[in-house]
file model-v9.cif (mmCIF, C-alpha atoms (C1' of nucleotides))
data_start
#
loop_
_atom_site.group_PDB
_atom_site.id
_atom_site.type_symbol
_atom_site.label_atom_id
_atom_site.label_comp_id
_atom_site.auth_asym_id
_atom_site.auth_seq_id
_atom_site.Cartn_x
_atom_site.Cartn_y
_atom_site.Cartn_z
ATOM 1 C CA MET H 1 0.000 0.000 0.000
ATOM 2 C CA LEU H 2 1.083 3.594 -0.612
ATOM 3 C CA SER H 3 1.848 5.504 2.588
ATOM 4 C CA LYS H 4 -0.113 8.597 3.545
ATOM 5 C CA LYS H 5 3.008 10.530 2.726
ATOM 6 C CA SER H 6 2.840 9.247 -0.852
ATOM 7 C CA GLN H 7 -0.805 10.156 -1.167
ATOM 8 C CA TYR H 8 -0.048 13.647 0.148
ATOM 9 C CA ALA H 9 2.819 13.911 -2.314
ATOM 10 C CA PHE H 10 0.552 13.110 -5.242
ATOM 11 C CA LYS H 11 -2.100 15.539 -4.058
ATOM 12 C CA ALA H 12 0.474 18.299 -3.764
ATOM 13 C CA LEU H 13 2.063 17.459 -7.108
ATOM 14 C CA THR H 14 -1.214 17.425 -9.008
ATOM 15 C CA TYR H 15 -2.112 20.733 -7.399
ATOM 16 C CA LEU H 16 1.188 22.179 -8.557
ATOM 17 C CA ALA H 17 0.669 20.635 -11.980
ATOM 18 C CA GLU H 18 -2.595 22.533 -12.311
ATOM 19 C CA LYS H 19 -0.726 25.730 -11.502
ATOM 20 C CA TYR H 20 2.231 25.000 -13.721
ATOM 21 C CA ASN H 21 3.818 28.155 -15.158
ATOM 22 C CA LYS H 22 1.716 30.367 -12.939
ATOM 23 C CA GLY H 23 4.428 31.194 -10.417
ATOM 24 C CA PRO H 24 5.337 29.848 -6.986
ATOM 25 C CA VAL H 25 2.646 28.401 -4.726
ATOM 26 C CA LEU H 26 2.777 28.705 -0.946
ATOM 27 C CA ILE H 27 3.138 25.572 1.177
ATOM 28 C CA SER H 28 0.343 26.975 3.317
ATOM 29 C CA GLU H 29 -1.941 27.260 0.286
ATOM 30 C CA ILE H 30 -1.384 23.644 -0.722
ATOM 31 C CA SER H 31 -1.816 22.592 2.887
ATOM 32 C CA LYS H 32 -5.173 24.337 3.148
ATOM 33 C CA LYS H 33 -6.578 23.396 -0.238
ATOM 34 C CA LYS H 34 -5.523 19.770 -0.056
ATOM 35 C CA LYS H 35 -5.934 19.359 3.698
ATOM 36 C CA ILE H 36 -2.420 18.185 4.373
ATOM 37 C CA PRO H 37 -0.757 18.914 7.768
ATOM 38 C CA LEU H 38 1.468 21.919 7.131
ATOM 39 C CA LYS H 39 4.693 20.804 8.747
ATOM 40 C CA PHE H 40 4.432 17.325 7.303
ATOM 41 C CA LEU H 41 3.888 18.815 3.868
ATOM 42 C CA GLU H 42 7.006 20.940 4.333
ATOM 43 C CA ASN H 43 9.105 17.792 4.678
ATOM 44 C CA ILE H 44 7.533 16.163 1.649
ATOM 45 C CA LEU H 45 7.993 19.157 -0.631
ATOM 46 C CA LEU H 46 11.585 19.564 0.484
ATOM 47 C CA GLU H 47 12.259 15.940 -0.364
ATOM 48 C CA LEU H 48 10.672 16.366 -3.785
ATOM 49 C CA LYS H 49 12.840 19.413 -4.320
ATOM 50 C CA LYS H 50 16.025 17.587 -3.377
ATOM 51 C CA ALA H 51 15.064 14.881 -5.854
ATOM 52 C CA GLY H 52 14.872 17.478 -8.607
ATOM 53 C CA ILE H 53 11.129 17.337 -9.149
ATOM 54 C CA LEU H 54 10.238 20.651 -7.549
ATOM 55 C CA GLU H 55 11.895 24.052 -7.390
ATOM 56 C CA SER H 56 11.416 26.685 -4.729
ATOM 57 C CA LYS H 57 11.798 30.371 -4.094
ATOM 58 C CA LYS H 58 12.242 31.942 -0.682
ATOM 59 C CA GLY H 59 10.971 35.225 0.701
ATOM 60 C CA LYS H 60 7.922 37.222 -0.252
ATOM 61 C CA GLY H 61 6.328 36.018 -3.473
ATOM 62 C CA GLY H 62 8.101 32.693 -2.982
ATOM 63 C CA GLY H 63 6.788 29.145 -2.816
ATOM 64 C CA TYR H 64 7.089 25.844 -4.640
ATOM 65 C CA PHE H 65 6.626 25.022 -8.295
ATOM 66 C CA LEU H 66 7.291 22.148 -10.693
ATOM 67 C CA LYS H 67 10.740 22.140 -12.210
ATOM 68 C CA LYS H 68 9.588 20.369 -15.380
ATOM 69 C CA ASP H 69 6.420 20.132 -17.408
ATOM 70 C CA PRO H 70 3.834 17.807 -15.764
ATOM 71 C CA SER H 71 4.095 15.514 -18.796
ATOM 72 C CA LYS H 72 7.758 14.932 -17.936
ATOM 73 C CA VAL H 73 7.202 13.823 -14.349
ATOM 74 C CA ASN H 74 7.045 10.061 -14.265
ATOM 75 C CA VAL H 75 4.657 8.455 -11.768
ATOM 76 C CA ALA H 76 6.833 5.392 -11.129
ATOM 77 C CA ASN H 77 9.738 7.606 -10.127
ATOM 78 C CA VAL H 78 7.636 9.592 -7.687
ATOM 79 C CA ILE H 79 6.479 6.365 -6.038
ATOM 80 C CA ARG H 80 10.023 5.026 -5.769
ATOM 81 C CA LEU H 81 11.174 8.277 -4.250
ATOM 82 C CA VAL H 82 8.477 8.795 -1.664
ATOM 83 C CA ASN H 83 7.192 5.282 -1.045
ATOM 84 C CA GLY H 84 10.008 2.922 -1.955
ATOM 85 C CA PRO H 85 10.090 -0.207 -4.104
ATOM 86 C CA ILE H 86 7.264 -1.011 -6.504
ATOM 87 C CA ALA H 87 8.061 -4.731 -6.662
ATOM 88 C CA MET H 88 6.584 -7.079 -4.053
ATOM 89 C CA LEU H 89 9.920 -8.743 -3.245
ATOM 90 C CA PRO H 90 13.432 -7.291 -2.906
ATOM 91 C CA CYS H 91 14.773 -10.034 -5.198
ATOM 92 C CA VAL H 92 12.668 -8.801 -8.131
ATOM 93 C CA SER H 93 13.112 -5.087 -7.590
ATOM 94 C CA LEU H 94 14.917 -3.154 -10.300
ATOM 95 C CA TYR H 95 15.895 -0.156 -8.174
ATOM 96 C CA PHE H 96 16.029 -1.699 -4.689
ATOM 97 C CA TYR H 97 17.354 -5.159 -5.486
ATOM 98 C CA GLU H 98 18.502 -7.457 -2.689
ATOM 99 C CA ARG H 99 19.441 -11.089 -3.047
ATOM 100 C CA CYS H 100 17.225 -13.705 -1.403
ATOM 101 C CA LYS H 101 18.775 -15.615 1.424
ATOM 102 C CA ASN H 102 18.257 -19.379 1.433
ATOM 103 C CA CYS H 103 16.529 -19.316 -1.898
ATOM 104 C CA ASP H 104 17.855 -19.846 -5.378
ATOM 105 C CA GLU H 105 16.353 -17.278 -7.718
ATOM 106 C CA LYS H 106 16.865 -19.587 -10.658
ATOM 107 C CA HIS H 107 14.486 -22.142 -9.175
ATOM 108 C CA CYS H 108 11.880 -20.100 -7.371
ATOM 109 C CA GLY H 109 8.323 -20.020 -8.607
ATOM 110 C CA LEU H 110 7.449 -17.117 -6.352
ATOM 111 C CA HIS H 111 10.308 -15.106 -7.806
ATOM 112 C CA ASP H 112 9.159 -15.779 -11.368
ATOM 113 C CA MET H 113 5.578 -14.831 -10.612
ATOM 114 C CA MET H 114 6.588 -11.634 -8.849
ATOM 115 C CA ILE H 115 8.575 -10.576 -11.898
ATOM 116 C CA LEU H 116 5.385 -10.839 -13.921
ATOM 117 C CA VAL H 117 3.495 -8.743 -11.360
ATOM 118 C CA ARG H 118 6.257 -6.167 -11.289
ATOM 119 C CA ASP H 119 6.300 -5.850 -15.065
ATOM 120 C CA ALA H 120 2.533 -5.590 -15.283
ATOM 121 C CA SER H 121 2.560 -2.764 -12.734
ATOM 122 C CA LEU H 122 5.518 -0.971 -14.275
ATOM 123 C CA ASN H 123 3.919 -1.173 -17.678
ATOM 124 C CA ILE H 124 1.296 1.177 -16.316
ATOM 125 C CA LEU H 125 3.255 3.289 -13.850
ATOM 126 C CA GLU H 126 6.268 3.930 -16.082
ATOM 127 C CA ASN H 127 4.048 5.192 -18.866
ATOM 128 C CA ARG H 128 2.071 7.727 -16.847
ATOM 129 C CA THR H 129 3.009 11.213 -15.841
ATOM 130 C CA LEU H 130 1.569 13.864 -13.562
ATOM 131 C CA LYS H 131 -0.345 15.132 -16.560
ATOM 132 C CA ASP H 132 -2.287 11.868 -16.741
ATOM 133 C CA LEU H 133 -3.389 12.305 -13.145
ATOM 134 C CA LEU H 134 -5.138 15.611 -13.827
ATOM 135 C CA LEU H 135 -8.930 15.683 -14.138
ATOM 136 C CA MET R 136 6.450 -5.219 -0.393
ATOM 137 C CA LEU R 137 5.575 -8.625 1.021
ATOM 138 C CA SER R 138 6.480 -9.018 4.694
ATOM 139 C CA LYS R 139 8.941 -11.662 5.854
ATOM 140 C CA LYS R 140 5.976 -13.452 7.312
ATOM 141 C CA SER R 141 4.454 -13.727 3.845
ATOM 142 C CA GLN R 142 7.667 -15.041 2.377
ATOM 143 C CA TYR R 143 7.903 -17.616 5.156
ATOM 144 C CA ALA R 144 4.294 -18.572 4.520
ATOM 145 C CA PHE R 145 4.964 -19.229 0.853
ATOM 146 C CA LYS R 146 8.086 -21.223 1.616
ATOM 147 C CA ALA R 147 6.187 -23.375 4.076
ATOM 148 C CA LEU R 148 3.230 -23.794 1.748
ATOM 149 C CA THR R 149 5.321 -24.837 -1.228
ATOM 150 C CA TYR R 150 7.154 -27.288 1.000
ATOM 151 C CA LEU R 151 3.848 -28.768 2.081
ATOM 152 C CA ALA R 152 2.664 -28.779 -1.516
ATOM 153 C CA GLU R 153 5.624 -30.958 -2.446
ATOM 154 C CA LYS R 154 4.612 -33.354 0.312
ATOM 155 C CA TYR R 155 0.928 -33.314 -0.494
ATOM 156 C CA ASN R 156 -0.788 -36.608 0.310
ATOM 157 C CA LYS R 157 2.278 -37.942 2.066
ATOM 158 C CA GLY R 158 1.027 -37.427 5.609
ATOM 159 C CA PRO R 159 1.565 -34.733 8.238
ATOM 160 C CA VAL R 160 4.825 -32.756 8.321
ATOM 161 C CA LEU R 161 6.370 -31.506 11.561
ATOM 162 C CA ILE R 162 6.688 -27.769 12.144
ATOM 163 C CA SER R 163 10.247 -28.445 13.209
ATOM 164 C CA GLU R 164 11.002 -30.146 9.895
ATOM 165 C CA ILE R 165 9.696 -27.212 7.864
ATOM 166 C CA SER R 166 11.546 -24.854 10.160
ATOM 167 C CA LYS R 167 14.843 -26.651 9.601
ATOM 168 C CA LYS R 168 14.540 -27.295 5.898
ATOM 169 C CA LYS R 169 13.319 -23.828 5.043
ATOM 170 C CA LYS R 170 15.283 -21.979 7.726
ATOM 171 C CA ILE R 171 12.315 -20.294 9.337
ATOM 172 C CA PRO R 172 12.367 -19.433 13.086
ATOM 173 C CA LEU R 173 10.391 -22.209 14.748
ATOM 174 C CA LYS R 174 8.096 -20.231 17.011
ATOM 175 C CA PHE R 175 7.367 -17.678 14.326
ATOM 176 C CA LEU R 176 6.499 -20.467 11.922
ATOM 177 C CA GLU R 177 4.117 -21.916 14.519
ATOM 178 C CA ASN R 178 2.093 -18.721 14.438
ATOM 179 C CA ILE R 179 2.026 -18.597 10.662
ATOM 180 C CA LEU R 180 0.907 -22.201 10.234
ATOM 181 C CA LEU R 181 -1.766 -21.782 12.849
ATOM 182 C CA GLU R 182 -3.099 -18.760 11.002
ATOM 183 C CA LEU R 183 -3.136 -20.672 7.732
ATOM 184 C CA LYS R 184 -5.006 -23.448 9.468
ATOM 185 C CA LYS R 185 -7.623 -21.097 10.871
ATOM 186 C CA ALA R 186 -8.102 -19.717 7.379
ATOM 187 C CA GLY R 187 -8.878 -23.209 6.095
ATOM 188 C CA ILE R 188 -5.769 -23.647 3.990
ATOM 189 C CA LEU R 189 -3.954 -26.119 6.235
ATOM 190 C CA GLU R 190 -5.030 -28.980 8.445
ATOM 191 C CA SER R 191 -3.176 -30.365 11.439
ATOM 192 C CA LYS R 192 -2.880 -33.433 13.584
ATOM 193 C CA LYS R 193 -1.656 -33.460 17.161
ATOM 194 C CA GLY R 194 0.466 -36.014 19.018
ATOM 195 C CA LYS R 195 2.908 -38.548 17.680
ATOM 196 C CA GLY R 196 2.809 -38.858 13.917
ATOM 197 C CA GLY R 197 1.142 -35.458 13.809
ATOM 198 C CA GLY R 198 2.034 -32.246 11.967
ATOM 199 C CA TYR R 199 0.634 -29.980 9.295
ATOM 200 C CA PHE R 200 -0.622 -30.733 5.817
ATOM 201 C CA LEU R 201 -2.521 -29.032 3.009
ATOM 202 C CA LYS R 202 -6.271 -29.294 3.279
ATOM 203 C CA LYS R 203 -6.817 -29.056 -0.474
ATOM 204 C CA ASP R 204 -4.895 -29.933 -3.597
ATOM 205 C CA PRO R 205 -2.110 -27.397 -4.320
ATOM 206 C CA SER R 206 -3.884 -26.486 -7.553
ATOM 207 C CA LYS R 207 -6.851 -25.270 -5.495
ATOM 208 C CA VAL R 208 -4.900 -22.870 -3.289
ATOM 209 C CA ASN R 209 -5.080 -19.422 -4.806
ATOM 210 C CA VAL R 210 -2.013 -17.177 -4.465
ATOM 211 C CA ALA R 211 -3.979 -13.930 -4.225
ATOM 212 C CA ASN R 212 -5.929 -15.280 -1.261
ATOM 213 C CA VAL R 213 -2.779 -16.300 0.570
ATOM 214 C CA ILE R 214 -1.340 -12.815 0.102
ATOM 215 C CA ARG R 215 -4.523 -11.147 1.330
ATOM 216 C CA LEU R 216 -4.582 -13.398 4.344
ATOM 217 C CA VAL R 217 -0.994 -13.086 5.470
ATOM 218 C CA ASN R 218 0.092 -9.763 4.011
ATOM 219 C CA GLY R 219 -3.051 -7.699 3.556
ATOM 220 C CA PRO R 220 -4.389 -5.701 0.607
ATOM 221 C CA ILE R 221 -2.980 -6.184 -2.872
ATOM 222 C CA ALA R 222 -4.133 -2.781 -4.137
ATOM 223 C CA MET R 223 -1.909 0.249 -3.624
ATOM 224 C CA LEU R 224 -4.701 2.416 -2.198
ATOM 225 C CA PRO R 225 -7.548 1.550 0.186
ATOM 226 C CA CYS R 226 -10.010 3.271 -2.155
ATOM 227 C CA VAL R 227 -9.299 0.777 -4.961
ATOM 228 C CA SER R 228 -9.096 -2.355 -2.835
ATOM 229 C CA LEU R 229 -11.715 -5.021 -3.448
ATOM 230 C CA TYR R 230 -11.353 -6.811 -0.117
ATOM 231 C CA PHE R 231 -10.097 -4.001 2.139
ATOM 232 C CA TYR R 232 -11.977 -1.047 0.677
ATOM 233 C CA GLU R 233 -12.011 2.281 2.513
ATOM 234 C CA ARG R 234 -13.361 5.529 1.178
ATOM 235 C CA CYS R 235 -10.907 8.367 0.486
ATOM 236 C CA LYS R 236 -11.226 11.385 2.695
ATOM 237 C CA ASN R 237 -11.094 14.763 0.974
ATOM 238 C CA CYS R 238 -11.014 13.184 -2.447
ATOM 239 C CA ASP R 239 -13.786 12.436 -4.869
ATOM 240 C CA GLU R 240 -13.239 9.010 -6.394
ATOM 241 C CA LYS R 241 -15.220 10.020 -9.453
ATOM 242 C CA HIS R 242 -12.675 12.691 -10.315
ATOM 243 C CA CYS R 243 -9.349 11.316 -9.199
ATOM 244 C CA GLY R 244 -6.706 10.404 -11.728
ATOM 245 C CA LEU R 245 -4.636 8.573 -9.123
ATOM 246 C CA HIS R 246 -7.640 6.432 -8.242
ATOM 247 C CA ASP R 247 -8.226 5.514 -11.878
ATOM 248 C CA MET R 248 -4.616 4.612 -12.455
ATOM 249 C CA MET R 249 -4.437 2.503 -9.323
ATOM 250 C CA ILE R 250 -7.447 0.500 -10.493
ATOM 251 C CA LEU R 251 -5.490 -0.363 -13.614
ATOM 252 C CA VAL R 252 -2.481 -1.434 -11.537
ATOM 253 C CA ARG R 253 -4.671 -3.490 -9.242
ATOM 254 C CA ASP R 254 -6.325 -5.290 -12.141
ATOM 255 C CA ALA R 255 -3.033 -5.979 -13.846
ATOM 256 C CA SER R 256 -1.680 -7.533 -10.654
ATOM 257 C CA LEU R 257 -4.814 -9.500 -9.889
ATOM 258 C CA ASN R 258 -4.892 -10.826 -13.414
ATOM 259 C CA ILE R 259 -1.712 -12.674 -12.515
ATOM 260 C CA LEU R 260 -2.190 -13.443 -8.830
ATOM 261 C CA GLU R 261 -5.791 -14.633 -9.061
ATOM 262 C CA ASN R 262 -4.906 -17.105 -11.758
ATOM 263 C CA ARG R 263 -2.008 -18.793 -9.981
ATOM 264 C CA THR R 264 -2.047 -21.479 -7.369
ATOM 265 C CA LEU R 265 0.492 -23.134 -5.118
ATOM 266 C CA LYS R 266 1.022 -25.676 -7.847
ATOM 267 C CA ASP R 267 2.341 -22.959 -10.157
ATOM 268 C CA LEU R 268 4.953 -22.021 -7.571
ATOM 269 C CA LEU R 269 6.553 -25.469 -7.579
ATOM 270 C CA LEU R 270 9.827 -25.947 -9.460
ATOM 271 C "C1'" DT K 271 -3.081 -44.897 32.815
ATOM 272 C "C1'" DG K 272 0.748 -42.258 32.271
ATOM 273 C "C1'" DA K 273 4.633 -40.662 29.534
ATOM 274 C "C1'" DT K 274 5.671 -38.692 25.338
ATOM 275 C "C1'" DT K 275 4.877 -36.082 21.317
ATOM 276 C "C1'" DA K 276 3.212 -32.390 19.035
ATOM 277 C "C1'" DT K 277 0.067 -28.608 18.103
ATOM 278 C "C1'" DC K 278 -2.456 -24.588 20.339
ATOM 279 C "C1'" DC K 279 -2.733 -20.442 22.850
ATOM 280 C "C1'" DT K 280 -1.644 -16.207 25.481
ATOM 281 C "C1'" DA K 281 1.355 -13.002 26.448
ATOM 282 C "C1'" DC K 282 5.234 -10.439 25.939
ATOM 283 C "C1'" DC K 283 9.282 -7.709 23.884
ATOM 284 C "C1'" DA K 284 12.681 -5.007 21.003
ATOM 285 C "C1'" DA K 285 13.397 -2.628 16.902
ATOM 286 C "C1'" DC K 286 11.689 -0.148 13.366
ATOM 287 C "C1'" DT K 287 8.624 2.821 10.545
ATOM 288 C "C1'" DA K 288 4.916 6.100 9.836
ATOM 289 C "C1'" DA K 289 2.890 10.243 10.851
ATOM 290 C "C1'" DG K 290 3.207 14.351 12.662
ATOM 291 C "C1'" DT K 291 5.078 18.511 15.649
ATOM 292 C "C1'" DA K 292 8.238 22.227 17.520
ATOM 293 C "C1'" DG K 293 11.146 25.674 17.029
ATOM 294 C "C1'" DA K 294 14.963 27.999 15.522
ATOM 295 C "C1'" DC K 295 17.646 29.396 11.172
ATOM 296 C "C1'" DT K 296 18.372 31.378 6.565
ATOM 297 C "C1'" DT K 297 17.359 33.769 2.492
ATOM 298 C "C1'" DT K 298 14.752 37.028 -0.270
ATOM 299 C "C1'" DT K 299 12.364 41.018 -1.200
ATOM 300 C "C1'" DA K 300 9.979 45.262 -0.481
ATOM 301 C "C1'" DT U 301 15.534 46.291 8.336
ATOM 302 C "C1'" DA U 302 11.288 43.891 8.996
ATOM 303 C "C1'" DA U 303 8.334 40.618 7.184
ATOM 304 C "C1'" DA U 304 7.702 36.621 4.411
ATOM 305 C "C1'" DA U 305 8.806 32.348 3.121
ATOM 306 C "C1'" DG U 306 11.409 28.079 2.703
ATOM 307 C "C1'" DT U 307 15.235 25.088 5.395
ATOM 308 C "C1'" DC U 308 16.889 22.315 8.917
ATOM 309 C "C1'" DT U 309 17.398 19.492 13.195
ATOM 310 C "C1'" DA U 310 15.305 17.253 16.522
ATOM 311 C "C1'" DC U 311 11.677 15.274 18.827
ATOM 312 C "C1'" DT U 312 7.227 12.625 19.891
ATOM 313 C "C1'" DT U 313 3.728 9.274 19.574
ATOM 314 C "C1'" DA U 314 1.401 5.274 17.810
ATOM 315 C "C1'" DG U 315 1.450 1.287 15.296
ATOM 316 C "C1'" DT U 316 3.642 -2.673 12.906
ATOM 317 C "C1'" DT U 317 7.065 -6.291 12.239
ATOM 318 C "C1'" DG U 318 9.573 -9.996 13.583
ATOM 319 C "C1'" DG U 319 10.286 -12.445 16.874
ATOM 320 C "C1'" DT U 320 10.416 -15.277 21.886
ATOM 321 C "C1'" DA U 321 8.681 -17.721 26.329
ATOM 322 C "C1'" DG U 322 6.146 -20.864 28.477
ATOM 323 C "C1'" DG U 323 2.418 -23.373 29.511
ATOM 324 C "C1'" DA U 324 -2.253 -25.721 27.983
ATOM 325 C "C1'" DT U 325 -4.301 -29.148 25.349
ATOM 326 C "C1'" DA U 326 -4.883 -33.195 22.653
ATOM 327 C "C1'" DA U 327 -3.367 -37.624 20.534
ATOM 328 C "C1'" DT U 328 -0.696 -41.693 20.632
ATOM 329 C "C1'" DC U 329 1.459 -45.675 22.421
ATOM 330 C "C1'" DA U 330 3.631 -48.643 25.781
#
call {"tool": "encode", "arguments": {"input": "model-v9.cif", "output": "structure tokens"}}
result
Amino acid sequence: MLSKKSQYAFKALTYLAEKYNKGPVLISEISKKKKIPLKFLENILLELKKAGILESKKGKGGGYFLKKDPSKVNVANVIRLVNGPIAMLPCVSLYFYERCKNCDEKHCGLHDMMILVRDASLNILENRTLKDLLL
Amino acid sequence: MLSKKSQYAFKALTYLAEKYNKGPVLISEISKKKKIPLKFLENILLELKKAGILESKKGKGGGYFLKKDPSKVNVANVIRLVNGPIAMLPCVSLYFYERCKNCDEKHCGLHDMMILVRDASLNILENRTLKDLLL
DNA sequence: TGATTATCCTACCAACTAAGTAGACTTTTA
DNA sequence: TAAAAGTCTACTTAGTTGGTAGGATAATCA
């Protein structure tokens, strides 16, 4: 399941996508409109900024805004960043791979099935962007 | 991600599937062969029994065994039982549904996308059984 | 019938993660 | 230089995960 943090992240990102190219948006505005706890939202937006998805401006007239066009922000990447692995097992994860202990990946039915699940999910998530989440 | 508990459950179940119709298997045997902490495995097997997947026999010559043929034990159901929801959001879960707060499901792009992901995953998991996990 | 074998059950615990809060600091701009 | 706004460090609180301990209960067999 996606964490609350991830759900907040998507709400904030889609809000910013709607306001793309309309100047910086206050954290407090996003917090109010999307009903996300202010200080928690601060952390999330900062993380998204450090990952290169958002940009910010300090001082009066400042706020957060998308660094790239909404159609360039990949959904799978946002999930990996905020939520972690998409795969159901570490041994089939592309970005968070860890070897199974006491289990030979070459002869593991669970492993093989989870690769199929991973690919089916990625087939959707890798081909969607923030733009697809609007409306 | 699947919990360790879930991974242990699948290891134990596939082991029992290999021994289907060959009489009860000791918890301690599964524990040793599959390298699963004994007392933790006890809990897991008991849970699987209560869910109607396993059967047990007490006393000498006792142990655990599959209640049904491995080809009748659905993978999706095992995951739901031991790990929880398969969907990535409560608002798109079939068996663990919860309404979104502050979010209209009729107009939510995230919701729509997560239904696609859910269905893609279920399409695989619902059509596999323990038998498919062997070898 | 009583010892042995094995599951069943209740309770507990340590470590970690999720979710959120507090408060001071820094930078920008008017 | 004061106000506005993001940045940073640290904390709290609640819940989950991954176990462990020890006894109760039931079945078998000598």
call {"tool": "resolve_selection", "arguments": {"input": "model-v9.cif", "expression": "the PyMOL selection byres ((chain R) within 6 of (chain H))", "output": "list of chain:residue names"}}
result
R:Met136, R:Leu137, R:Met223, R:Leu224, R:Gly244, R:Leu245, R:Val252, R:Ala255, R:Ser256, R:Leu268, R:Leu269
call {"tool": "residues_around", "arguments": {"input": "model-v9.cif", "residues": "Ala9 of chain H", "least_positions_apart": "5", "cutoff": "12 Å", "atoms": "all atoms listed in the file", "output": "PyMOL selection string"}}
result
(chain H and resi 2-4+14-17+30-31+34-37+40-49+53-54+75+78-83+130) or (chain R and resi 245)
call {"tool": "resolve_selection", "arguments": {"input": "model-v9.cif", "expression": "the PyMOL selection byres ((chain K and resi 281) around 12)", "output": "list in words"}}
result
DC279, DT280, DC282 and DC283 of chain K; DT320, DA321, DG322 and DG323 of chain U
call {"tool": "atom_distance", "arguments": {"input": "model-v9.cif", "atom1": "atom CA of Lys32 of chain H", "atom2": "atom C1' of DG290 of chain K"}}
result
16.1 Å
call {"tool": "interface_residues", "arguments": {"input": "model-v9.cif", "of": "chain K", "to": "chain H", "cutoff": "9 Å", "atoms": "only C-alpha atoms (C1' of nucleotides)", "output": "list in words"}}
result
DA288, DA289, DG290, DT291, DT297, DT298, DT299 and DA300 of chain K
call {"tool": "atom_distance", "arguments": {"input": "model-v9.cif", "atom1": "atom CA of Ala211 of chain R", "atom2": "atom CA of Ile115 of chain H"}}
result
15.1 Å
call {"tool": "interface_residues", "arguments": {"input": "model-v9.cif", "of": "chain U", "to": "chain R", "cutoff": "12 Å", "atoms": "only C-alpha atoms (C1' of nucleotides)", "output": "list in words"}}
result
DT316, DT317, DG318, DG319, DT320, DA321, DG322, DT325, DA326, DA327, DT328 and DC329 of chain U
call {"tool": "residues_near_point", "arguments": {"input": "model-v9.cif", "point": "(18.6, 33.7, 9.7)", "cutoff": "12 Å", "atoms": "all atoms listed in the file", "output": "count of residues only"}}
result
10
call {"tool": "atom_distance", "arguments": {"input": "model-v9.cif", "atom1": "atom CA of Ala147 of chain R", "atom2": "atom C1' of DT287 of chain K"}}
result
27.1 Å
call {"tool": "closest_residue", "arguments": {"input": "model-v9.cif", "among": "K:DC278, K:DC286, K:DG293, K:DT271", "to": "DG315 of chain U", "atoms": "only C-alpha atoms (C1' of nucleotides)"}}
result
K:DC286
call {"tool": "resolve_selection", "arguments": {"input": "model-v9.cif", "expression": "the PyMOL selection byres ((chain H and resi 69) around 9)", "output": "number ranges by chain"}}
result
H: 17, 20-21, 66-68, 70-73, 130-131
call {"tool": "residues_around", "arguments": {"input": "model-v9.cif", "residues": "Tyr199 of chain R", "least_positions_apart": "5", "cutoff": "6 Å", "atoms": "all atoms listed in the file", "output": "PyMOL selection string"}}
result
chain R and resi 159-160+190-191
call {"tool": "decode", "arguments": {"input": "model-v9.cif", "residues": "segment 65-80 of chain H", "atoms": "C-alpha atoms", "output": "tab-separated table (two decimals), in the first residue's frame"}}
result
chain	number	residue	atom	x	y	z
H	65	PHE	CA	6.63	25.02	-8.29
H	66	LEU	CA	7.29	22.15	-10.69
H	67	LYS	CA	10.74	22.14	-12.21
H	68	LYS	CA	9.59	20.37	-15.38
H	69	ASP	CA	6.42	20.13	-17.41
H	70	PRO	CA	3.83	17.81	-15.76
H	71	SER	CA	4.09	15.51	-18.80
H	72	LYS	CA	7.76	14.93	-17.94
H	73	VAL	CA	7.20	13.82	-14.35
H	74	ASN	CA	7.05	10.06	-14.27
H	75	VAL	CA	4.66	8.46	-11.77
H	76	ALA	CA	6.83	5.39	-11.13
H	77	ASN	CA	9.74	7.61	-10.13
H	78	VAL	CA	7.64	9.59	-7.69
H	79	ILE	CA	6.48	6.36	-6.04
H	80	ARG	CA	10.02	5.03	-5.77
